[in-house]
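With mmCIF, C-alpha atoms inside, this is final_20.cif:
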```
data_structure
loop_
_atom_site.label_atom_id
_atom_site.label_comp_id
_atom_site.auth_asym_id
_atom_site.auth_seq_id
_atom_site.Cartn_x
_atom_site.Cartn_y
_atom_site.Cartn_z
CA MET A 1 -39.69 -18.79 16.13
CA ASN A 2 -38.56 -15.35 15.02
CA GLU A 3 -35.02 -15.16 13.71
CA ARG A 4 -32.70 -12.56 15.17
CA PRO A 5 -31.53 -10.04 12.56
CA ALA A 6 -27.94 -10.46 11.43
CA LEU A 7 -25.56 -8.07 13.09
CA ARG A 8 -23.64 -5.79 10.80
CA THR A 9 -19.92 -6.35 11.15
CA GLU A 10 -17.87 -3.20 11.30
CA THR A 11 -14.66 -3.35 9.29
CA ARG A 12 -11.36 -2.28 10.83
CA ALA A 13 -11.25 0.71 8.47
CA GLN A 14 -14.74 1.84 9.54
CA ALA A 15 -13.80 1.40 13.18
CA ALA A 16 -10.68 3.51 12.67
CA VAL A 17 -12.72 6.34 11.13
CA ARG A 18 -15.28 6.19 13.96
CA HIS A 19 -12.51 6.12 16.57
CA THR A 20 -10.81 9.15 15.03
CA SER A 21 -14.08 11.11 14.85
CA THR A 22 -14.79 10.38 18.52
CA ARG A 23 -11.27 11.31 19.61
CA TYR A 24 -11.36 14.54 17.60
CA ARG A 25 -14.68 15.62 19.11
CA SER A 26 -13.28 15.06 22.59
CA ALA A 27 -9.99 16.91 21.95
CA MET A 28 -8.91 19.48 24.48
CA GLN A 29 -10.86 22.72 24.56
CA ASP A 30 -7.64 24.54 25.41
CA PRO A 31 -4.97 23.12 23.13
CA LYS A 32 -1.81 21.80 24.71
CA PHE A 33 0.32 22.76 21.73
CA GLU A 34 0.96 25.79 19.56
CA LEU A 35 1.57 25.23 15.86
CA PHE A 36 3.36 27.76 13.69
CA ALA A 37 1.54 27.23 10.42
CA TYR A 38 0.44 28.54 7.04
CA TRP A 39 -2.67 27.41 5.23
CA ARG A 40 -1.22 25.82 2.10
CA THR A 41 2.03 24.21 3.17
CA SER A 42 2.54 20.51 2.70
CA ALA A 43 4.57 20.09 5.88
CA THR A 44 1.98 21.88 8.04
CA TYR A 45 -0.72 19.67 6.53
CA ARG A 46 1.16 16.57 7.71
CA VAL A 47 1.17 17.78 11.30
CA ARG A 48 -2.52 18.73 11.14
CA VAL A 49 -3.47 15.24 9.95
CA ALA A 50 -1.40 13.58 12.67
CA LEU A 51 -2.96 15.76 15.37
CA ASN A 52 -6.41 14.91 14.05
CA LEU A 53 -5.69 11.18 13.96
CA LYS A 54 -4.41 11.29 17.52
CA GLY A 55 -7.34 13.31 18.84
CA LEU A 56 -4.99 16.15 19.78
CA SER A 57 -5.29 19.84 19.02
CA ALA A 58 -3.02 22.83 18.65
CA HIS A 59 -3.52 26.58 18.63
CA ASP A 60 -2.43 27.99 15.27
CA ARG A 61 0.09 30.80 15.11
CA ILE A 62 -0.02 31.92 11.50
CA VAL A 63 3.24 32.69 9.71
CA ASN A 64 2.41 34.38 6.40
CA LEU A 65 4.96 32.98 3.96
CA ASP A 66 3.78 35.23 1.14
CA ALA A 67 4.50 38.28 3.30
CA GLY A 68 7.92 36.92 4.30
CA GLU A 69 7.07 36.58 8.00
CA GLN A 70 9.19 33.41 8.19
CA HIS A 71 12.25 35.65 7.95
CA SER A 72 11.25 37.90 10.83
CA PRO A 73 13.58 37.95 13.86
CA GLU A 74 10.72 36.68 16.00
CA PHE A 75 10.20 33.56 13.90
CA VAL A 76 13.88 32.91 13.17
CA ALA A 77 14.27 32.70 16.95
CA VAL A 78 11.78 29.82 16.81
CA ASN A 79 13.30 28.11 13.76
CA PRO A 80 16.63 29.47 12.46
CA LEU A 81 15.92 27.84 9.09
CA GLY A 82 12.88 30.09 8.69
CA ALA A 83 10.62 27.17 7.78
CA ILE A 84 7.31 25.89 9.07
CA PRO A 85 5.84 24.02 10.78
CA ALA A 86 7.17 24.41 14.28
CA LEU A 87 5.42 22.87 17.26
CA LEU A 88 5.62 24.47 20.68
CA VAL A 89 5.44 21.92 23.48
CA PRO A 90 4.98 23.42 26.97
CA GLY A 91 8.30 23.70 28.77
CA GLN A 92 10.36 22.61 25.75
CA GLN A 93 12.27 24.20 22.89
CA PRO A 94 10.32 24.36 19.60
CA LEU A 95 10.15 21.16 17.57
CA THR A 96 10.79 21.59 13.84
CA GLN A 97 10.77 19.24 10.83
CA SER A 98 7.41 17.64 10.14
CA LEU A 99 8.59 14.02 10.22
CA ALA A 100 10.23 14.53 13.61
CA ILE A 101 7.02 16.15 14.88
CA LEU A 102 4.94 13.23 13.58
CA GLU A 103 7.13 10.68 15.34
CA TYR A 104 6.98 12.74 18.54
CA LEU A 105 3.17 12.77 18.40
CA ASP A 106 3.14 9.05 17.66
CA GLU A 107 5.19 8.26 20.74
CA LEU A 108 3.25 10.73 22.87
CA GLN A 109 -0.12 9.26 21.85
CA PRO A 110 0.50 5.71 20.55
CA SER A 111 -3.07 5.04 19.43
CA PRO A 112 -3.81 4.91 16.60
CA PRO A 113 -0.22 4.16 15.51
CA LEU A 114 1.42 5.90 12.56
CA LEU A 115 3.97 3.08 12.18
CA PRO A 116 3.43 -0.69 12.03
CA THR A 117 4.66 -2.93 14.81
CA ALA A 118 6.98 -5.09 12.68
CA LEU A 119 10.59 -3.94 12.34
CA TYR A 120 10.71 -4.23 8.54
CA GLY A 121 7.28 -2.65 8.22
CA ARG A 122 8.38 0.43 10.16
CA ALA A 123 11.43 0.79 7.93
CA ARG A 124 9.29 0.41 4.80
CA VAL A 125 6.82 3.07 5.90
CA ARG A 126 9.64 5.48 6.84
CA SER A 127 11.21 4.86 3.44
CA LEU A 128 7.98 5.66 1.62
CA ALA A 129 7.45 8.77 3.72
CA ALA A 130 10.98 10.01 3.03
CA MET A 131 10.53 9.61 -0.74
CA LEU A 132 7.96 12.38 -0.58
CA ALA A 133 8.81 14.49 2.47
CA SER A 134 12.58 14.46 1.91
CA ASP A 135 13.12 13.84 -1.82
CA THR A 136 10.09 15.47 -3.48
CA HIS A 137 8.60 18.24 -1.35
CA PRO A 138 11.87 20.19 -0.76
CA LEU A 139 12.17 20.87 -4.49
CA ILE A 140 8.96 22.91 -4.67
CA THR A 141 9.11 24.97 -1.46
CA PRO A 142 8.76 28.79 -1.46
CA ARG A 143 12.48 29.34 -0.89
CA VAL A 144 13.32 27.21 -3.94
CA LYS A 145 10.77 29.13 -6.00
CA LYS A 146 12.23 32.43 -4.82
CA TYR A 147 15.74 31.40 -5.85
CA LEU A 148 14.65 30.10 -9.23
CA THR A 149 12.52 33.14 -10.06
CA THR A 150 15.06 35.72 -8.88
CA THR A 151 18.49 34.21 -9.49
CA ALA A 152 17.74 31.75 -12.28
CA LYS A 153 15.13 34.10 -13.82
CA PHE A 154 12.36 31.49 -14.10
CA ASP A 155 9.10 32.85 -15.46
CA ASP A 156 5.71 31.37 -14.52
CA ALA A 157 5.85 28.76 -17.29
CA ALA A 158 9.33 27.60 -16.26
CA TRP A 159 8.30 27.35 -12.60
CA ARG A 160 5.24 25.30 -13.50
CA ALA A 161 7.35 22.98 -15.65
CA TRP A 162 9.69 22.58 -12.66
CA GLN A 163 6.75 21.65 -10.42
CA VAL A 164 5.39 19.12 -12.91
CA GLN A 165 8.83 17.58 -13.38
CA TRP A 166 9.55 16.97 -9.70
CA PHE A 167 6.03 16.16 -8.57
CA GLY A 168 5.89 13.66 -11.42
CA THR A 169 9.28 12.12 -10.68
CA GLY A 170 8.43 11.59 -7.02
CA LEU A 171 4.92 10.25 -7.54
CA ARG A 172 5.80 7.87 -10.37
CA ALA A 173 8.54 6.34 -8.21
CA PHE A 174 6.11 6.12 -5.29
CA GLU A 175 3.54 4.45 -7.54
CA GLN A 176 6.06 1.78 -8.49
CA ARG A 177 6.83 1.09 -4.85
CA LEU A 178 3.16 0.61 -3.99
CA ALA A 179 2.49 -1.55 -7.05
CA SER A 180 5.42 -3.87 -6.40
CA ASP A 181 4.63 -4.74 -2.77
CA ALA A 182 1.73 -6.91 -1.63
CA VAL A 183 1.77 -5.15 1.77
CA SER A 184 0.10 -2.17 0.09
CA GLY A 185 -3.63 -2.34 0.81
CA THR A 186 -6.33 0.28 1.05
CA TRP A 187 -3.56 2.42 2.52
CA CYS A 188 0.13 2.51 1.73
CA HIS A 189 0.82 -0.17 4.31
CA GLY A 190 -2.07 -2.39 5.26
CA ASP A 191 -5.56 -1.36 6.33
CA GLN A 192 -5.09 1.77 8.42
CA PRO A 193 -3.59 5.20 7.71
CA GLY A 194 -0.06 5.97 8.81
CA LEU A 195 3.05 8.02 8.21
CA ALA A 196 3.38 7.20 4.50
CA ASP A 197 -0.26 8.04 3.79
CA ILE A 198 0.09 11.39 5.54
CA CYS A 199 3.13 12.26 3.44
CA LEU A 200 1.46 11.16 0.21
CA ALA A 201 -1.70 13.12 0.96
CA SER A 202 0.40 16.18 1.83
CA ILE A 203 1.91 16.19 -1.66
CA ILE A 204 -1.45 15.73 -3.36
CA ALA A 205 -2.96 18.49 -1.21
CA VAL A 206 -0.51 21.12 -2.45
CA MET A 207 -0.69 19.80 -6.01
CA ARG A 208 -4.42 20.52 -5.88
CA VAL A 209 -3.72 24.04 -4.65
CA PHE A 210 -1.29 24.56 -7.55
CA LYS A 211 -3.64 22.76 -9.98
CA VAL A 212 -1.00 20.21 -10.96
CA ALA A 213 -2.02 16.62 -11.75
CA ILE A 214 0.02 13.53 -12.57
CA ALA A 215 -1.79 10.85 -14.59
CA ASP A 216 -1.62 7.04 -14.55
CA THR A 217 -1.09 6.46 -10.82
CA PRO A 218 -3.89 4.00 -9.88
CA GLN A 219 -2.23 2.85 -6.65
CA ILE A 220 -1.85 6.42 -5.45
CA ASP A 221 -5.39 7.25 -6.56
CA ARG A 222 -6.73 4.39 -4.41
CA VAL A 223 -4.92 5.61 -1.31
CA ILE A 224 -5.93 9.23 -1.87
CA ALA A 225 -9.59 8.19 -2.21
CA ALA A 226 -9.30 6.65 1.27
CA CYS A 227 -7.64 9.81 2.57
CA ASP A 228 -10.36 12.04 1.10
CA ALA A 229 -13.01 9.96 2.88
CA HIS A 230 -11.27 10.10 6.27
CA PRO A 231 -12.21 12.95 8.66
CA ALA A 232 -8.65 13.45 9.94
CA PHE A 233 -7.45 14.22 6.41
CA ALA A 234 -10.54 16.22 5.44
CA ARG A 235 -10.14 18.58 8.42
CA ALA A 236 -6.54 19.27 7.40
CA GLU A 237 -7.37 20.30 3.83
CA PRO A 238 -5.53 23.53 2.98
CA MET A 239 -8.63 25.31 1.71
CA ARG A 240 -10.32 24.82 5.09
CA GLN A 241 -7.58 26.60 7.06
CA VAL A 242 -7.38 30.16 8.33
CA GLY A 243 -5.88 32.37 5.64
CA ALA A 244 -6.98 30.26 2.68
CA PRO A 245 -8.80 32.08 -0.13
CA GLY A 246 -12.44 32.49 0.84
CA THR A 247 -12.01 31.81 4.55
#
```
Write-out of the structure in structure tokens:
Amino acid sequence: MNERPALRTETRAQAAVRHTSTRYRSAMQDPKFELFAYWRTSATYRVRVALNLKGLSAHDRIVNLDAGEQHSPEFVAVNPLGAIPALLVPGQQPLTQSLAILEYLDELQPSPPLLPTALYGRARVRSLAAMLASDTHPLITPRVKKYLTTTAKFDDAAWRAWQVQWFGTGLRAFEQRLASDAVSGTWCHGDQPGLADICLASIIAVMRVFKVAIADTPQIDRVIAACDAHPAFARAEPMRQVGAPGT
């Protein structure tokens, strides 16, 4: 009697990647949202990844930070802080702040979830995300660079040292958090990507643009390898966006 061939078992991680690819291909032809964006920003990258994971799409409205368009009266009317991203939802006032936008998208489209179901797990993931989106990224934004280079008279070497200092401080602390908790798996929390992974990848994405690297972070390196292999993260890469050098 012929034996039936063994069926290949698909892992949860492989299923998540396949599910995301299918959802992305079937995203709306006419996007529901408009996203005020710029190619290299960490915060915009976070929103792009979340949209991709959720199988949603948005029409980009480019705000050229290098040309100062974020200070234009038209954009300040959208976000008085003059910062991107901002998400336009039909019939609503603009949503600003990337973490708020991510949680909005997560509640709008619950699958796949960006937060775990357990109460403590959700708090842990939010804590990890805030370490990078709230405590690290704000120190290297264009408005901080402008102040340091004009008022504090930083030259290029001083600005780069500033970047290395604060990227390094944030990532080394993040590395310790991942290494000290058994809940960390392939991703920051378990076996599927979520809010913390998006925030971590957003920092690494801009570090790559600036050609800054922080050594001796094996936990982070493992998570970033998973991000690099995931289509939702790959499609959000800064160098693939409108306005990036070579596009």
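Minimum distance to A:His230 across A:Leu108, A:Leu35, A:Leu114, A:Ile198 (counting all atoms listed in the file) occurs at A:Ile198.
Proximity to A:Arg143 was assessed for A:Asp60, A:Asp66, A:Glu34, A:Glu103 counting all atoms listed in the file; the smallest distance is recorded for A:Asp66.
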- Quick one: distance from atom CA of A:Val164 to atom CA of A:Val212 in Å, one decimal?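 Computing it gives 6.8 Å between the two atoms.
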- In Å, with one decimal, what is the gap from atom CA of A:Arg122 to atom CA of A:Gly190?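 We find that atom CA of A:Arg122 and atom CA of A:Gly190 lie 11.9 Å from each other.
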Output as a Markdown table one row per residue of stretch 94-181 of chain A within 9 Å of stretch 72-87 of chain A: the closest atom pair and its distance in Å to one decimal place, counting all atoms listed in the file, sorted by chain and residue number ascending.
```
| residue | atom | partner | partner_atom | distance |
| --- | --- | --- | --- | --- |
| A:Pro94 | CA | A:Leu87 | CA | 5.6 |
| A:Leu95 | CA | A:Leu87 | CA | 5.0 |
| A:Thr96 | CA | A:Ala86 | CA | 4.6 |
| A:Gln97 | CA | A:Pro85 | CA | 6.9 |
| A:Ser98 | CA | A:Pro85 | CA | 6.6 |
| A:Ile101 | CA | A:Leu87 | CA | 7.3 |
```
Mind writing the picked residues with C-alpha atoms as a short mmCIF file (atom, residue, chain, number, x, y, z; two decimals), in the coordinates of the input?
```cif
data_model
loop_
_atom_site.label_atom_id
_atom_site.label_comp_id
_atom_site.auth_asym_id
_atom_site.auth_seq_id
_atom_site.Cartn_x
_atom_site.Cartn_y
_atom_site.Cartn_z
CA PRO A 94 10.32 24.36 19.60
CA LEU A 95 10.15 21.16 17.57
CA THR A 96 10.79 21.59 13.84
CA GLN A 97 10.77 19.24 10.83
CA SER A 98 7.41 17.64 10.14
CA ILE A 101 7.02 16.15 14.88
#
```
- Figure out the distance between atom CA of A:Tyr104 and atom CA of A:Ala118, please, to one decimal in Å.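 Answer for the atom CA of A:Ala118 to atom CA of A:Tyr104 separation: 18.8 Å.
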- Message: Which residues are near A:Val49? Cut-off 9 Å, all atoms listed in the file, ignore same chain within fewer than 2 positions. Put them as a PyMOL selection string.
- Response: chain A and resi 44-47+51-54+198+232-237
How would the residues just picked look written out with C-alpha atoms as a PDB file, in the coordinates of the input?
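Result written to again-v1.pdb:
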```pdb
ATOM      1  CA  THR A  44       1.980  21.880   8.040  1.00  0.00           C
ATOM      2  CA  TYR A  45      -0.720  19.670   6.530  1.00  0.00           C
ATOM      3  CA  ARG A  46       1.160  16.570   7.710  1.00  0.00           C
ATOM      4  CA  VAL A  47       1.170  17.780  11.300  1.00  0.00           C
ATOM      5  CA  LEU A  51      -2.960  15.760  15.370  1.00  0.00           C
ATOM      6  CA  ASN A  52      -6.410  14.910  14.050  1.00  0.00           C
ATOM      7  CA  LEU A  53      -5.690  11.180  13.960  1.00  0.00           C
ATOM      8  CA  LYS A  54      -4.410  11.290  17.520  1.00  0.00           C
ATOM      9  CA  ILE A 198       0.090  11.390   5.540  1.00  0.00           C
ATOM     10  CA  ALA A 232      -8.650  13.450   9.940  1.00  0.00           C
ATOM     11  CA  PHE A 233      -7.450  14.220   6.410  1.00  0.00           C
ATOM     12  CA  ALA A 234     -10.540  16.220   5.440  1.00  0.00           C
ATOM     13  CA  ARG A 235     -10.140  18.580   8.420  1.00  0.00           C
ATOM     14  CA  ALA A 236      -6.540  19.270   7.400  1.00  0.00           C
ATOM     15  CA  GLU A 237      -7.370  20.300   3.830  1.00  0.00           C
TER      16      GLU A 237
END
```
Using all atoms of stretch 142-145 of chain A that appear in the file, construct an axis-aligned enclosing box with 6 Å of padding on every side and provide its centre coordinates and edge lengths in Å, rounded to one decimal, as JSON.
```
{"center_x": 11.0, "center_y": 28.3, "center_z": -3.4, "size_x": 16.6, "size_y": 14.1, "size_z": 17.1}
```
- If you count all atoms listed in the file, which residues fall within 8 Å of A:Leu200, apart from same-chain ones fewer than 5 positions away, as a list in words?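 Listed by chain and then number, they are Ala129, Leu132 and Ile224 of chain A.
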Limited to C-alpha atoms, could you put the picked residues into a file as a PDB file, keeping the file's coordinate frame?
```pdb
ATOM      1  CA  ALA A 129       7.450   8.770   3.720  1.00  0.00           C
ATOM      2  CA  LEU A 132       7.960  12.380  -0.580  1.00  0.00           C
ATOM      3  CA  ILE A 224      -5.930   9.230  -1.870  1.00  0.00           C
TER       4      ILE A 224
END
```
- Message: With distances taken over all atoms listed in the file, which residue among A:Thr41, A:Gln176, A:Ser184, A:Gln109 lies nearest A:Val63?
- Response: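 Counting all atoms listed in the file, the residue closest to A:Val63 is A:Thr41.
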- Residue nearest A:Phe174 among A:Met239, A:Leu65, A:Ala130, A:Ala225 (counting all atoms listed in the file):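 Of A:Met239, A:Leu65, A:Ala130, A:Ala225, the one nearest A:Phe174, counting all atoms listed in the file, is A:Ala130.
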- Task: List the residues selected by the PyMOL selection byres ((chain A and resi 115) around 12) in the file shown, writing them as an NGL selection string.
- Result: :A and (50 or 102-107 or 110-114 or 116-129 or 188-190 or 192-198)
- Query: Which one of A:Leu178, A:Val242, A:Ala157, A:Ala43 sits closest to A:Ala201 if you count only C-alpha atoms?
  - Reply: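 Using only C-alpha atoms, the shortest distance to A:Ala201 belongs to A:Ala43.
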- Between A:Thr141, A:Thr217, A:Thr136, A:Thr149, single out the one closest to A:Phe167, counting only C-alpha atoms.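 Ranked by minimum distance to A:Phe167, first place goes to A:Thr136.
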- Message: I'd like to see the residues matched by the PyMOL selection byres ((chain A and resi 209) around 12) on this file, and ideally I'd get them as number ranges by chain.
- Response: A: 39-42, 202-208, 210-213, 237-240, 244-245
Since the input is missing atoms, can you rebuild N, CA and C atoms for stretch 109-124 of chain A and write them as a short mmCIF file (atom, residue, chain, number, x, y, z; two decimals), in the coordinates of the input?
```cif
data_model
loop_
_atom_site.label_atom_id
_atom_site.label_comp_id
_atom_site.auth_asym_id
_atom_site.auth_seq_id
_atom_site.Cartn_x
_atom_site.Cartn_y
_atom_site.Cartn_z
N GLN A 109 1.24 9.84 21.87
CA GLN A 109 -0.12 9.26 21.85
C GLN A 109 -0.07 8.06 20.90
N PRO A 110 0.24 6.86 21.41
CA PRO A 110 0.50 5.71 20.55
C PRO A 110 -0.69 5.18 19.75
N SER A 111 -1.89 5.57 20.13
CA SER A 111 -3.07 5.04 19.43
C SER A 111 -3.86 6.17 18.78
N PRO A 112 -4.20 5.99 17.49
CA PRO A 112 -3.81 4.91 16.60
C PRO A 112 -2.36 5.11 16.11
N PRO A 113 -1.63 4.03 15.87
CA PRO A 113 -0.22 4.16 15.51
C PRO A 113 -0.01 4.67 14.09
N LEU A 114 1.05 5.43 13.90
CA LEU A 114 1.42 5.90 12.56
C LEU A 114 2.41 4.95 11.91
N LEU A 115 3.00 4.05 12.69
CA LEU A 115 3.97 3.08 12.18
C LEU A 115 3.52 1.68 12.55
N PRO A 116 3.79 0.70 11.69
CA PRO A 116 3.43 -0.69 12.03
C PRO A 116 4.31 -1.22 13.15
N THR A 117 3.91 -2.36 13.69
CA THR A 117 4.66 -2.93 14.81
C THR A 117 5.89 -3.69 14.35
N ALA A 118 5.87 -4.28 13.16
CA ALA A 118 6.98 -5.09 12.68
C ALA A 118 8.17 -4.21 12.31
N LEU A 119 9.36 -4.70 12.60
CA LEU A 119 10.59 -3.94 12.34
C LEU A 119 10.72 -3.55 10.87
N TYR A 120 10.58 -4.53 9.97
CA TYR A 120 10.71 -4.23 8.54
C TYR A 120 9.59 -3.29 8.09
N GLY A 121 8.40 -3.51 8.59
CA GLY A 121 7.28 -2.65 8.22
C GLY A 121 7.52 -1.20 8.58
N ARG A 122 8.08 -0.96 9.77
CA ARG A 122 8.38 0.43 10.16
C ARG A 122 9.40 1.05 9.22
N ALA A 123 10.42 0.27 8.86
CA ALA A 123 11.43 0.79 7.93
C ALA A 123 10.82 1.08 6.56
N ARG A 124 9.94 0.19 6.10
CA ARG A 124 9.29 0.41 4.80
C ARG A 124 8.47 1.68 4.80
#
```
